[in-house]
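One structure below.
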Amino acid sequence: MIEGGWGYIWAAYGVTWMVLILYGIYVFKSPNSHLQ
Amino acid sequence: MSPIVQARGLCRRFGQRWAYAHIDLEVAEGERVLLIGANGSGKTTLLRSIATLLQPSLGQLSLFGMDPKTHCIDIRQKIGLLSHMTGLYEDLSAADNLTVFGRLTGSGRVDVREVLERVGLIDRRDPIGGYSAGMRRRLSLAHLLLRTPQLTLLDEPFASLDPEGVAAVGKIISQMPGTVIMASHQVQQAAAISNRTVLMESGQIRWMGPATNAWSAWRSSQVGEG
Amino acid sequence: MSPLTQSAHQVLSILKKDLLIEWRARTRVLSLLCFTAIILLLFSFAVGPDTATLRRHCGGYLWLSLLFCSTAMLSRSLRIEEESGAMDSLLLAPISPIWIFLGKATANAIELFIIGLMTLPICFALCDVAIADSAWRLLVIIALGSAGLAAPGTLFATITERIQGQVLLMPLLLFPLVVPMLLAAVKSTSLILTGDLMDEGGDWLTLLVFFNAMYWPLCGVLFERVVEV
Amino acid sequence: MKWFHISAVMGVSLLCIGHGLGLFVAPPEAMMGDVGRILYVHVPTAWVALVVYLISFGAAVGSLWFGRLTWDATVRASVEVGVVLTALLVFQGSVWARPTWGVWWAWDPRLTTTAIMMITYVAILIMRNAIQDSPRRLVITAVATIVAFVDVPIVYFSVKWWKSLHQDHSSPDTVSDPMILPLRLAAIGMLLLALGLIGARRKTELDRLNQEVDPASLPEPIEALSVPGESE
């Protein structure tokens, strides 16, 4: 049994959520901004 | 008898620019069509699209009654193209190049010698890397003569040829069987051996008519601009 | 002649054409050999002079240098076709693109095999190893490895040469793909050089054969689509 | 309000519930204790990444077969979402490897295959940007995606063989009953979110592709030339 390790858990979850949210904003916010 | 080449509303885009647009062209069996126009008027791009090497962005193109998107390989085997590039290997000599391609089309050593004779390159042994532009042009033509395509596409056949070469090539082209579509700047020589002329301007067909009016059409298109 | 011999004849003529070009420009093959030798030397410098590690990783160094050499060779072999417009002539010739691929890929495989053979003595000298197992098996491995590199390599070299992209694209696409081939080749070569204790060389050989059996037909079919457009 | 908006919203909510349950309600994992809770984000990402690459493979085959831009846009969108998921997967994998095996990078066959997949698919996106010609870009992207996907199982098995010859300690996958619910919820959530992202990205790409070959941008047909001394 590895004690604690919540640091790693928050790292994994935090980064995953942050990336998904940032990517989601990039994808959903600007459907037309890509058009030259 | 369905036309050899049938193009309707053909357009081709390169990045932000339309190389050619609204091309409606029909070429019947045995016709000799001459494409004339300033540099960058889309002649070369159109020729490569007809040769199925460059897919048009819009419009329908049918060759020998078939659609290039589905029967690409069968169509290509009936087409011969003389492009700006030699289409041969720089490291090999003239005879080697033609033997290599001759093996694919089933023409033997005799045909190679005979064809080299016709274009006057029989005595060269060195790799074609060292050939002059005129000799390369003759060699590409020799390669074209090795196989008898039903549709021959010539991009600037007279380019960088000496006067004697122009006459010789003119004769060779007039004796070519099947249909010929040619793009050239030597309007008079080319018009002499073709029966129909298409004047292209900034990617579109400006005028189409018999080859006899080719020179006057070219003149008035220039005057119009001036 | 029947279509089978006719297509075989066409593949052979493409193969002969490629080998003729390589023969006429022999200095290029020599430069590739020096390129491979230099990389081998660099590995030795990087690892340090103690022959123990060199001897252990000799298979790895050999195959990594062959991998880098293959990218240089493959992209140049296709550049010759595209630059002079020879590929257009081939495509307009009465031959199916699959045969063109088979001819070219086989020629590239043969050339890689020859360079591999010529690199062996250099590698043995540098890493001070001797063939513990049968030499024939080593030749088979080098042949299969070269073929495994040539098939996807020819396909991706054709792709990257037809787009005016940077030269870096080809290795970037090829290396991740040939990881299984690299693993199998390095493992089986090392087993030959350092003795095959648990007799697992056979497994790696089957993986090499499977990799080739998978990629030659797949790359052939996809090559046809790539040159069609 | 397109389908992919709904799919994304449902995905995010399911993901929240799944992660919430996984982090706070579910019991700590038998072998690894609390740190095992990374399972609820790592395993769904892995499953969904594979599904997304399967979609890209299917779309690539369709794109080669039909040659229409809609398929091409799907290939591009699914490859891009796949790359994002794989990048997350590699990060999570190494974060999980640290406490369990004490190293940032364990030569675990799955982790190594994921890293290789990520590089291959990023290379495909890079190559796609280098091509301007629309039909050629469609074919080359599809071809590269097919070859990359075919390579995944081979890489996995060869790495598995290669690694298992060294030391064999694959991570324990014992998933006890109470953990099933949050895991499944998170997986479905992640899948819906991924599908939403693909849908949105596909629409943007499709607009860009159509805008590129847009008939409206065609130049006006020029008027024919009247040549003196001609009947026309």
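Ligands are numbered from 1 in the order shown, residues from 1 within each chain, and chains are lettered A, B, ... in the order they appear in the structure tokens.
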Distance filter 8 Å, only C-alpha atoms, chain B against chain D, as a ChimeraX atom specification:
/B:13-16,18,21-22,55,57-58,204-207,213,216-217,220-221
Take the residues just selected and output them with all heavy atoms as a compact mmCIF listing (two decimals), in the first residue's frame.
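As written to disk, selection-v3.txt reads:
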# COMPACT_ATOMS: atom_id res chain seq x y z
N ARG B 13 -7.32 25.07 -58.74
CA ARG B 13 -6.84 26.12 -57.83
C ARG B 13 -5.44 25.78 -57.35
O ARG B 13 -5.14 24.62 -57.09
CB ARG B 13 -7.78 26.18 -56.62
CG ARG B 13 -7.48 27.33 -55.68
CD ARG B 13 -8.54 27.38 -54.58
NE ARG B 13 -8.24 28.44 -53.63
CZ ARG B 13 -8.75 29.67 -53.72
NH1 ARG B 13 -9.55 29.96 -54.72
NH2 ARG B 13 -8.46 30.58 -52.83
N PHE B 14 -4.59 26.78 -57.25
CA PHE B 14 -3.25 26.59 -56.66
C PHE B 14 -3.12 27.58 -55.51
O PHE B 14 -3.03 28.78 -55.74
CB PHE B 14 -2.15 26.87 -57.70
CG PHE B 14 -1.70 25.64 -58.42
CD1 PHE B 14 -1.58 25.62 -59.80
CD2 PHE B 14 -1.41 24.48 -57.72
CE1 PHE B 14 -1.18 24.47 -60.45
CE2 PHE B 14 -1.01 23.32 -58.37
CZ PHE B 14 -0.90 23.32 -59.74
N GLY B 15 -3.21 27.11 -54.29
CA GLY B 15 -3.12 28.02 -53.13
C GLY B 15 -4.26 29.03 -53.22
O GLY B 15 -5.43 28.67 -53.22
N GLN B 16 -3.96 30.33 -53.37
CA GLN B 16 -5.03 31.34 -53.37
C GLN B 16 -5.46 31.69 -54.79
O GLN B 16 -6.32 32.52 -54.98
CB GLN B 16 -4.53 32.63 -52.68
CG GLN B 16 -4.03 32.39 -51.27
CD GLN B 16 -5.07 31.66 -50.42
OE1 GLN B 16 -6.29 31.82 -50.64
NE2 GLN B 16 -4.62 30.80 -49.53
N TRP B 18 -6.50 30.80 -59.00
CA TRP B 18 -7.08 29.81 -59.91
C TRP B 18 -6.15 29.68 -61.11
O TRP B 18 -6.03 30.60 -61.90
CB TRP B 18 -8.48 30.22 -60.34
CG TRP B 18 -9.47 30.08 -59.23
CD1 TRP B 18 -9.90 31.05 -58.38
CD2 TRP B 18 -10.14 28.87 -58.83
NE1 TRP B 18 -10.80 30.53 -57.48
CE2 TRP B 18 -10.97 29.20 -57.73
CE3 TRP B 18 -10.13 27.54 -59.29
CZ2 TRP B 18 -11.76 28.26 -57.08
CZ3 TRP B 18 -10.93 26.61 -58.64
CH2 TRP B 18 -11.73 26.96 -57.55
N ALA B 21 -9.78 28.29 -65.18
CA ALA B 21 -11.17 28.25 -64.71
C ALA B 21 -12.11 28.27 -65.91
O ALA B 21 -11.74 28.72 -66.99
CB ALA B 21 -11.44 29.46 -63.82
N HIS B 22 -13.33 27.72 -65.73
CA HIS B 22 -14.40 27.72 -66.75
C HIS B 22 -13.92 27.16 -68.07
O HIS B 22 -14.19 27.71 -69.13
CB HIS B 22 -14.91 29.16 -66.97
CG HIS B 22 -15.33 29.85 -65.72
ND1 HIS B 22 -16.25 29.32 -64.85
CD2 HIS B 22 -14.91 31.01 -65.15
CE1 HIS B 22 -16.42 30.13 -63.82
NE2 HIS B 22 -15.60 31.15 -63.96
N GLN B 55 -5.02 16.65 -60.74
CA GLN B 55 -6.49 16.50 -60.68
C GLN B 55 -7.14 17.88 -60.62
O GLN B 55 -6.72 18.72 -59.82
CB GLN B 55 -6.84 15.71 -59.42
CG GLN B 55 -8.08 14.88 -59.57
CD GLN B 55 -8.30 14.01 -58.34
OE1 GLN B 55 -7.74 14.26 -57.27
NE2 GLN B 55 -9.11 12.99 -58.49
N SER B 57 -9.70 20.86 -59.66
CA SER B 57 -10.42 21.07 -58.40
C SER B 57 -11.93 20.99 -58.64
O SER B 57 -12.66 20.49 -57.79
CB SER B 57 -10.08 22.44 -57.81
OG SER B 57 -8.70 22.66 -57.89
N LEU B 58 -12.40 21.53 -59.77
CA LEU B 58 -13.86 21.52 -60.01
C LEU B 58 -14.11 21.11 -61.45
O LEU B 58 -13.22 21.18 -62.29
CB LEU B 58 -14.44 22.93 -59.78
CG LEU B 58 -14.44 23.48 -58.35
CD1 LEU B 58 -14.79 24.97 -58.37
CD2 LEU B 58 -15.46 22.73 -57.50
N GLN B 204 -8.33 31.43 -68.56
CA GLN B 204 -9.64 31.13 -69.20
C GLN B 204 -9.51 31.16 -70.71
O GLN B 204 -8.58 31.76 -71.25
CB GLN B 204 -10.66 32.19 -68.74
CG GLN B 204 -10.97 32.08 -67.26
CD GLN B 204 -12.09 33.00 -66.88
OE1 GLN B 204 -13.11 33.06 -67.57
NE2 GLN B 204 -11.93 33.71 -65.78
N ILE B 205 -10.46 30.48 -71.37
CA ILE B 205 -10.41 30.44 -72.84
C ILE B 205 -11.00 31.75 -73.36
O ILE B 205 -12.16 32.05 -73.11
CB ILE B 205 -11.21 29.23 -73.38
CG1 ILE B 205 -10.55 27.94 -72.91
CG2 ILE B 205 -11.32 29.29 -74.89
CD1 ILE B 205 -11.20 26.69 -73.43
N ARG B 206 -10.16 32.50 -74.07
CA ARG B 206 -10.62 33.81 -74.56
C ARG B 206 -11.23 33.67 -75.96
O ARG B 206 -12.17 34.34 -76.33
CB ARG B 206 -9.42 34.78 -74.59
CG ARG B 206 -9.74 36.19 -75.10
CD ARG B 206 -9.85 37.18 -73.93
NE ARG B 206 -10.50 38.44 -74.31
CZ ARG B 206 -9.84 39.53 -74.70
NH1 ARG B 206 -8.53 39.49 -74.81
NH2 ARG B 206 -10.48 40.62 -75.01
N TRP B 207 -10.62 32.73 -76.77
CA TRP B 207 -11.09 32.62 -78.18
C TRP B 207 -10.80 31.20 -78.64
O TRP B 207 -9.83 30.57 -78.23
CB TRP B 207 -10.33 33.64 -79.02
CG TRP B 207 -10.56 33.49 -80.49
CD1 TRP B 207 -11.60 34.00 -81.21
CD2 TRP B 207 -9.74 32.79 -81.43
NE1 TRP B 207 -11.49 33.66 -82.55
CE2 TRP B 207 -10.35 32.90 -82.70
CE3 TRP B 207 -8.56 32.05 -81.32
CZ2 TRP B 207 -9.81 32.32 -83.84
CZ3 TRP B 207 -8.03 31.48 -82.47
CH2 TRP B 207 -8.66 31.62 -83.71
N ASN B 213 -6.85 31.38 -88.33
CA ASN B 213 -7.00 32.72 -87.74
C ASN B 213 -6.14 32.88 -86.49
O ASN B 213 -6.25 33.88 -85.79
CB ASN B 213 -8.47 32.95 -87.32
CG ASN B 213 -9.37 32.93 -88.55
OD1 ASN B 213 -8.88 32.66 -89.66
ND2 ASN B 213 -10.64 33.17 -88.36
N SER B 216 -4.00 36.12 -86.35
CA SER B 216 -4.75 37.38 -86.21
C SER B 216 -5.41 37.44 -84.83
O SER B 216 -5.44 38.48 -84.18
CB SER B 216 -5.82 37.47 -87.31
OG SER B 216 -6.54 36.25 -87.34
N ALA B 217 -5.84 36.27 -84.33
CA ALA B 217 -6.44 36.27 -82.97
C ALA B 217 -5.39 36.69 -81.95
O ALA B 217 -5.64 37.53 -81.08
CB ALA B 217 -6.94 34.85 -82.64
N SER B 220 -4.83 40.45 -82.25
CA SER B 220 -5.87 41.33 -81.69
C SER B 220 -5.93 41.18 -80.18
O SER B 220 -6.26 42.14 -79.47
CB SER B 220 -7.22 40.99 -82.33
OG SER B 220 -7.41 39.60 -82.25
N SER B 221 -5.57 40.01 -79.66
CA SER B 221 -5.59 39.89 -78.18
C SER B 221 -4.51 40.79 -77.60
O SER B 221 -4.71 41.45 -76.60
CB SER B 221 -5.35 38.44 -77.76
OG SER B 221 -3.96 38.14 -77.88
At most 7 Å is the cut-off: for each residue in chain C with any atom that close to an atom of chain D, write down the nearest atom pair and the distance in Å rounded to one decimal, counting only C-alpha atoms, chain first then increasing number, as a Markdown table.
| residue | atom | partner | partner_atom | distance |
| --- | --- | --- | --- | --- |
| C:Ile159 | CA | D:Ile140 | CA | 7.0 |
| C:Ile163 | CA | D:Ile131 | CA | 6.1 |
| C:Gly165 | CA | D:Ala130 | CA | 5.4 |
| C:Leu169 | CA | D:Met127 | CA | 6.7 |
| C:Leu172 | CA | D:Ala123 | CA | 6.2 |
| C:Leu173 | CA | D:Ala123 | CA | 5.9 |
| C:Pro176 | CA | D:Ile116 | CA | 5.8 |
| C:Leu177 | CA | D:Asp151 | CA | 6.3 |
| C:Val179 | CA | D:Val155 | CA | 6.8 |
| C:Pro180 | CA | D:Val155 | CA | 5.4 |
| C:Leu222 | CA | D:Val143 | CA | 6.2 |
| C:Val226 | CA | D:Ile140 | CA | 6.4 |
| C:Val229 | CA | D:Arg136 | CA | 5.7 |
Write out as JSON lines the residues of chain C that have any atom within 12 Å of an atom of chain B, one row each with the nearest atom pair and its distance in Å to one decimal, counting only C-alpha atoms, sorted by chain and then rising number.
{"residue": "C:Met1", "atom": "CA", "partner": "B:Gly106", "partner_atom": "CA", "distance": 11.7}
{"residue": "C:Gln6", "atom": "CA", "partner": "B:Leu104", "partner_atom": "CA", "distance": 9.7}
{"residue": "C:Ser7", "atom": "CA", "partner": "B:Leu104", "partner_atom": "CA", "distance": 9.8}
{"residue": "C:Ala8", "atom": "CA", "partner": "B:Leu104", "partner_atom": "CA", "distance": 11.2}
{"residue": "C:His9", "atom": "CA", "partner": "B:Leu104", "partner_atom": "CA", "distance": 8.5}
{"residue": "C:Gln10", "atom": "CA", "partner": "B:Leu104", "partner_atom": "CA", "distance": 6.1}
{"residue": "C:Val11", "atom": "CA", "partner": "B:Leu104", "partner_atom": "CA", "distance": 9.3}
{"residue": "C:Leu12", "atom": "CA", "partner": "B:Arg103", "partner_atom": "CA", "distance": 9.8}
{"residue": "C:Ser13", "atom": "CA", "partner": "B:Arg103", "partner_atom": "CA", "distance": 6.6}
{"residue": "C:Ile14", "atom": "CA", "partner": "B:Val100", "partner_atom": "CA", "distance": 7.9}
{"residue": "C:Leu15", "atom": "CA", "partner": "B:Val100", "partner_atom": "CA", "distance": 10.3}
{"residue": "C:Lys16", "atom": "CA", "partner": "B:Val100", "partner_atom": "CA", "distance": 8.3}
{"residue": "C:Lys17", "atom": "CA", "partner": "B:Val100", "partner_atom": "CA", "distance": 6.1}
{"residue": "C:Asp18", "atom": "CA", "partner": "B:Val100", "partner_atom": "CA", "distance": 9.7}
{"residue": "C:Leu19", "atom": "CA", "partner": "B:Leu92", "partner_atom": "CA", "distance": 11.3}
{"residue": "C:Leu20", "atom": "CA", "partner": "B:Leu92", "partner_atom": "CA", "distance": 8.1}
{"residue": "C:Ile21", "atom": "CA", "partner": "B:Asp91", "partner_atom": "CA", "distance": 6.3}
{"residue": "C:Glu22", "atom": "CA", "partner": "B:Asp91", "partner_atom": "CA", "distance": 8.8}
{"residue": "C:Trp23", "atom": "CA", "partner": "B:Asp91", "partner_atom": "CA", "distance": 9.6}
{"residue": "C:Arg24", "atom": "CA", "partner": "B:Asp91", "partner_atom": "CA", "distance": 6.5}
{"residue": "C:Ala25", "atom": "CA", "partner": "B:Asp91", "partner_atom": "CA", "distance": 6.8}
{"residue": "C:Arg26", "atom": "CA", "partner": "B:Asp91", "partner_atom": "CA", "distance": 10.5}
{"residue": "C:Thr27", "atom": "CA", "partner": "B:Asp91", "partner_atom": "CA", "distance": 11.9}
{"residue": "C:Arg28", "atom": "CA", "partner": "B:Asp91", "partner_atom": "CA", "distance": 11.5}
{"residue": "C:Ser77", "atom": "CA", "partner": "B:Tyr89", "partner_atom": "CA", "distance": 11.3}
{"residue": "C:Leu78", "atom": "CA", "partner": "B:Tyr89", "partner_atom": "CA", "distance": 11.6}
{"residue": "C:Arg79", "atom": "CA", "partner": "B:Tyr89", "partner_atom": "CA", "distance": 11.0}
{"residue": "C:Ile80", "atom": "CA", "partner": "B:Tyr89", "partner_atom": "CA", "distance": 7.3}
{"residue": "C:Glu81", "atom": "CA", "partner": "B:Tyr89", "partner_atom": "CA", "distance": 7.5}
{"residue": "C:Glu82", "atom": "CA", "partner": "B:Gly87", "partner_atom": "CA", "distance": 8.8}
{"residue": "C:Glu83", "atom": "CA", "partner": "B:Met85", "partner_atom": "CA", "distance": 8.1}
{"residue": "C:Ser84", "atom": "CA", "partner": "B:Gly87", "partner_atom": "CA", "distance": 5.3}
{"residue": "C:Gly85", "atom": "CA", "partner": "B:Gly87", "partner_atom": "CA", "distance": 4.2}
{"residue": "C:Ala86", "atom": "CA", "partner": "B:Gly87", "partner_atom": "CA", "distance": 4.0}
{"residue": "C:Met87", "atom": "CA", "partner": "B:Gly87", "partner_atom": "CA", "distance": 7.2}
{"residue": "C:Asp88", "atom": "CA", "partner": "B:Gly87", "partner_atom": "CA", "distance": 6.7}
{"residue": "C:Ser89", "atom": "CA", "partner": "B:Gly87", "partner_atom": "CA", "distance": 5.6}
{"residue": "C:Leu90", "atom": "CA", "partner": "B:Phe101", "partner_atom": "CA", "distance": 7.9}
{"residue": "C:Leu91", "atom": "CA", "partner": "B:Arg76", "partner_atom": "CA", "distance": 7.1}
{"residue": "C:Leu92", "atom": "CA", "partner": "B:Arg76", "partner_atom": "CA", "distance": 5.0}
{"residue": "C:Ala93", "atom": "CA", "partner": "B:Gln77", "partner_atom": "CA", "distance": 5.7}
{"residue": "C:Pro94", "atom": "CA", "partner": "B:Gln77", "partner_atom": "CA", "distance": 4.7}
{"residue": "C:Ile95", "atom": "CA", "partner": "B:Leu104", "partner_atom": "CA", "distance": 7.0}
{"residue": "C:Ser96", "atom": "CA", "partner": "B:Ile73", "partner_atom": "CA", "distance": 6.9}
{"residue": "C:Pro97", "atom": "CA", "partner": "B:Ile73", "partner_atom": "CA", "distance": 8.2}
{"residue": "C:Ile98", "atom": "CA", "partner": "B:Ile73", "partner_atom": "CA", "distance": 10.9}
{"residue": "C:Trp99", "atom": "CA", "partner": "B:Leu104", "partner_atom": "CA", "distance": 10.9}
{"residue": "C:Ile100", "atom": "CA", "partner": "B:Leu104", "partner_atom": "CA", "distance": 10.5}
{"residue": "C:Arg162", "atom": "CA", "partner": "B:Leu53", "partner_atom": "CA", "distance": 11.8}
{"residue": "C:Glu224", "atom": "CA", "partner": "B:Ile73", "partner_atom": "CA", "distance": 9.4}
{"residue": "C:Arg225", "atom": "CA", "partner": "B:Cys72", "partner_atom": "CA", "distance": 10.1}
{"residue": "C:Val226", "atom": "CA", "partner": "B:Leu53", "partner_atom": "CA", "distance": 11.4}
{"residue": "C:Val227", "atom": "CA", "partner": "B:Leu53", "partner_atom": "CA", "distance": 8.5}
{"residue": "C:Glu228", "atom": "CA", "partner": "B:Cys72", "partner_atom": "CA", "distance": 7.0}
{"residue": "C:Val229", "atom": "CA", "partner": "B:Gln55", "partner_atom": "CA", "distance": 6.2}
Which residues of chain D come within 9 Å of chain A, and for each one, what is the closest pair of atoms and their distance in Å to one decimal, counting only C-alpha atoms, sorted by chain and residue number, as JSON lines?
{"residue": "D:His5", "atom": "CA", "partner": "A:Phe28", "partner_atom": "CA", "distance": 8.2}
{"residue": "D:Ala8", "atom": "CA", "partner": "A:Gly24", "partner_atom": "CA", "distance": 8.8}
{"residue": "D:His19", "atom": "CA", "partner": "A:Tyr13", "partner_atom": "CA", "distance": 8.6}
{"residue": "D:Leu23", "atom": "CA", "partner": "A:Ile9", "partner_atom": "CA", "distance": 8.8}
{"residue": "D:Glu29", "atom": "CA", "partner": "A:Met1", "partner_atom": "CA", "distance": 8.8}
{"residue": "D:Ala30", "atom": "CA", "partner": "A:Met1", "partner_atom": "CA", "distance": 7.6}
{"residue": "D:Met31", "atom": "CA", "partner": "A:Met1", "partner_atom": "CA", "distance": 5.7}
{"residue": "D:Met32", "atom": "CA", "partner": "A:Met1", "partner_atom": "CA", "distance": 5.1}
{"residue": "D:Gly33", "atom": "CA", "partner": "A:Met1", "partner_atom": "CA", "distance": 5.3}
{"residue": "D:Asp34", "atom": "CA", "partner": "A:Gly4", "partner_atom": "CA", "distance": 6.4}
{"residue": "D:Val35", "atom": "CA", "partner": "A:Gly5", "partner_atom": "CA", "distance": 5.1}
{"residue": "D:Gly36", "atom": "CA", "partner": "A:Ile9", "partner_atom": "CA", "distance": 8.3}
{"residue": "D:Arg37", "atom": "CA", "partner": "A:Ile9", "partner_atom": "CA", "distance": 6.8}
{"residue": "D:Ile38", "atom": "CA", "partner": "A:Ile9", "partner_atom": "CA", "distance": 5.6}
{"residue": "D:Val41", "atom": "CA", "partner": "A:Tyr13", "partner_atom": "CA", "distance": 6.7}
{"residue": "D:His42", "atom": "CA", "partner": "A:Ala12", "partner_atom": "CA", "distance": 8.4}
{"residue": "D:Val84", "atom": "CA", "partner": "A:Val19", "partner_atom": "CA", "distance": 8.3}
{"residue": "D:Leu85", "atom": "CA", "partner": "A:Leu20", "partner_atom": "CA", "distance": 8.7}
{"residue": "D:Leu88", "atom": "CA", "partner": "A:Thr16", "partner_atom": "CA", "distance": 6.2}
{"residue": "D:Leu89", "atom": "CA", "partner": "A:Thr16", "partner_atom": "CA", "distance": 8.8}
{"residue": "D:Phe91", "atom": "CA", "partner": "A:Ala12", "partner_atom": "CA", "distance": 7.5}
{"residue": "D:Gln92", "atom": "CA", "partner": "A:Ala12", "partner_atom": "CA", "distance": 5.4}
{"residue": "D:Gly93", "atom": "CA", "partner": "A:Ala12", "partner_atom": "CA", "distance": 8.8}
{"residue": "D:Val95", "atom": "CA", "partner": "A:Tyr8", "partner_atom": "CA", "distance": 6.2}
{"residue": "D:Trp96", "atom": "CA", "partner": "A:Tyr8", "partner_atom": "CA", "distance": 7.3}
{"residue": "D:Arg98", "atom": "CA", "partner": "A:Tyr8", "partner_atom": "CA", "distance": 8.4}
{"residue": "D:Pro99", "atom": "CA", "partner": "A:Gly5", "partner_atom": "CA", "distance": 7.1}
{"residue": "D:Thr100", "atom": "CA", "partner": "A:Ile2", "partner_atom": "CA", "distance": 8.0}
{"residue": "D:Leu197", "atom": "CA", "partner": "A:Gly24", "partner_atom": "CA", "distance": 6.7}
{"residue": "D:Ile198", "atom": "CA", "partner": "A:Val27", "partner_atom": "CA", "distance": 9.0}
{"residue": "D:Ala200", "atom": "CA", "partner": "A:Phe28", "partner_atom": "CA", "distance": 6.3}
{"residue": "D:Arg201", "atom": "CA", "partner": "A:Val27", "partner_atom": "CA", "distance": 5.9}
{"residue": "D:Lys203", "atom": "CA", "partner": "A:Pro31", "partner_atom": "CA", "distance": 7.4}
{"residue": "D:Thr204", "atom": "CA", "partner": "A:Pro31", "partner_atom": "CA", "distance": 5.1}
{"residue": "D:Glu205", "atom": "CA", "partner": "A:His34", "partner_atom": "CA", "distance": 8.4}
{"residue": "D:Asp207", "atom": "CA", "partner": "A:Leu35", "partner_atom": "CA", "distance": 7.6}
{"residue": "D:Arg208", "atom": "CA", "partner": "A:Leu35", "partner_atom": "CA", "distance": 5.7}
{"residue": "D:Gln211", "atom": "CA", "partner": "A:Leu35", "partner_atom": "CA", "distance": 7.5}
{"residue": "D:Glu212", "atom": "CA", "partner": "A:Leu35", "partner_atom": "CA", "distance": 9.0}
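The gap separating CA of Leu183 in chain D from CA of Ala97 in chain D is 19.5 Å, in Å to one decimal.
Across the structure, CA of Met179 in chain D and CA of Ile6 in chain D are spaced 26.9 Å apart.
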CA of Arg202 in chain D to CA of Val79 in chain D, distance in Å rounded to a single decimal:
10.5 Å
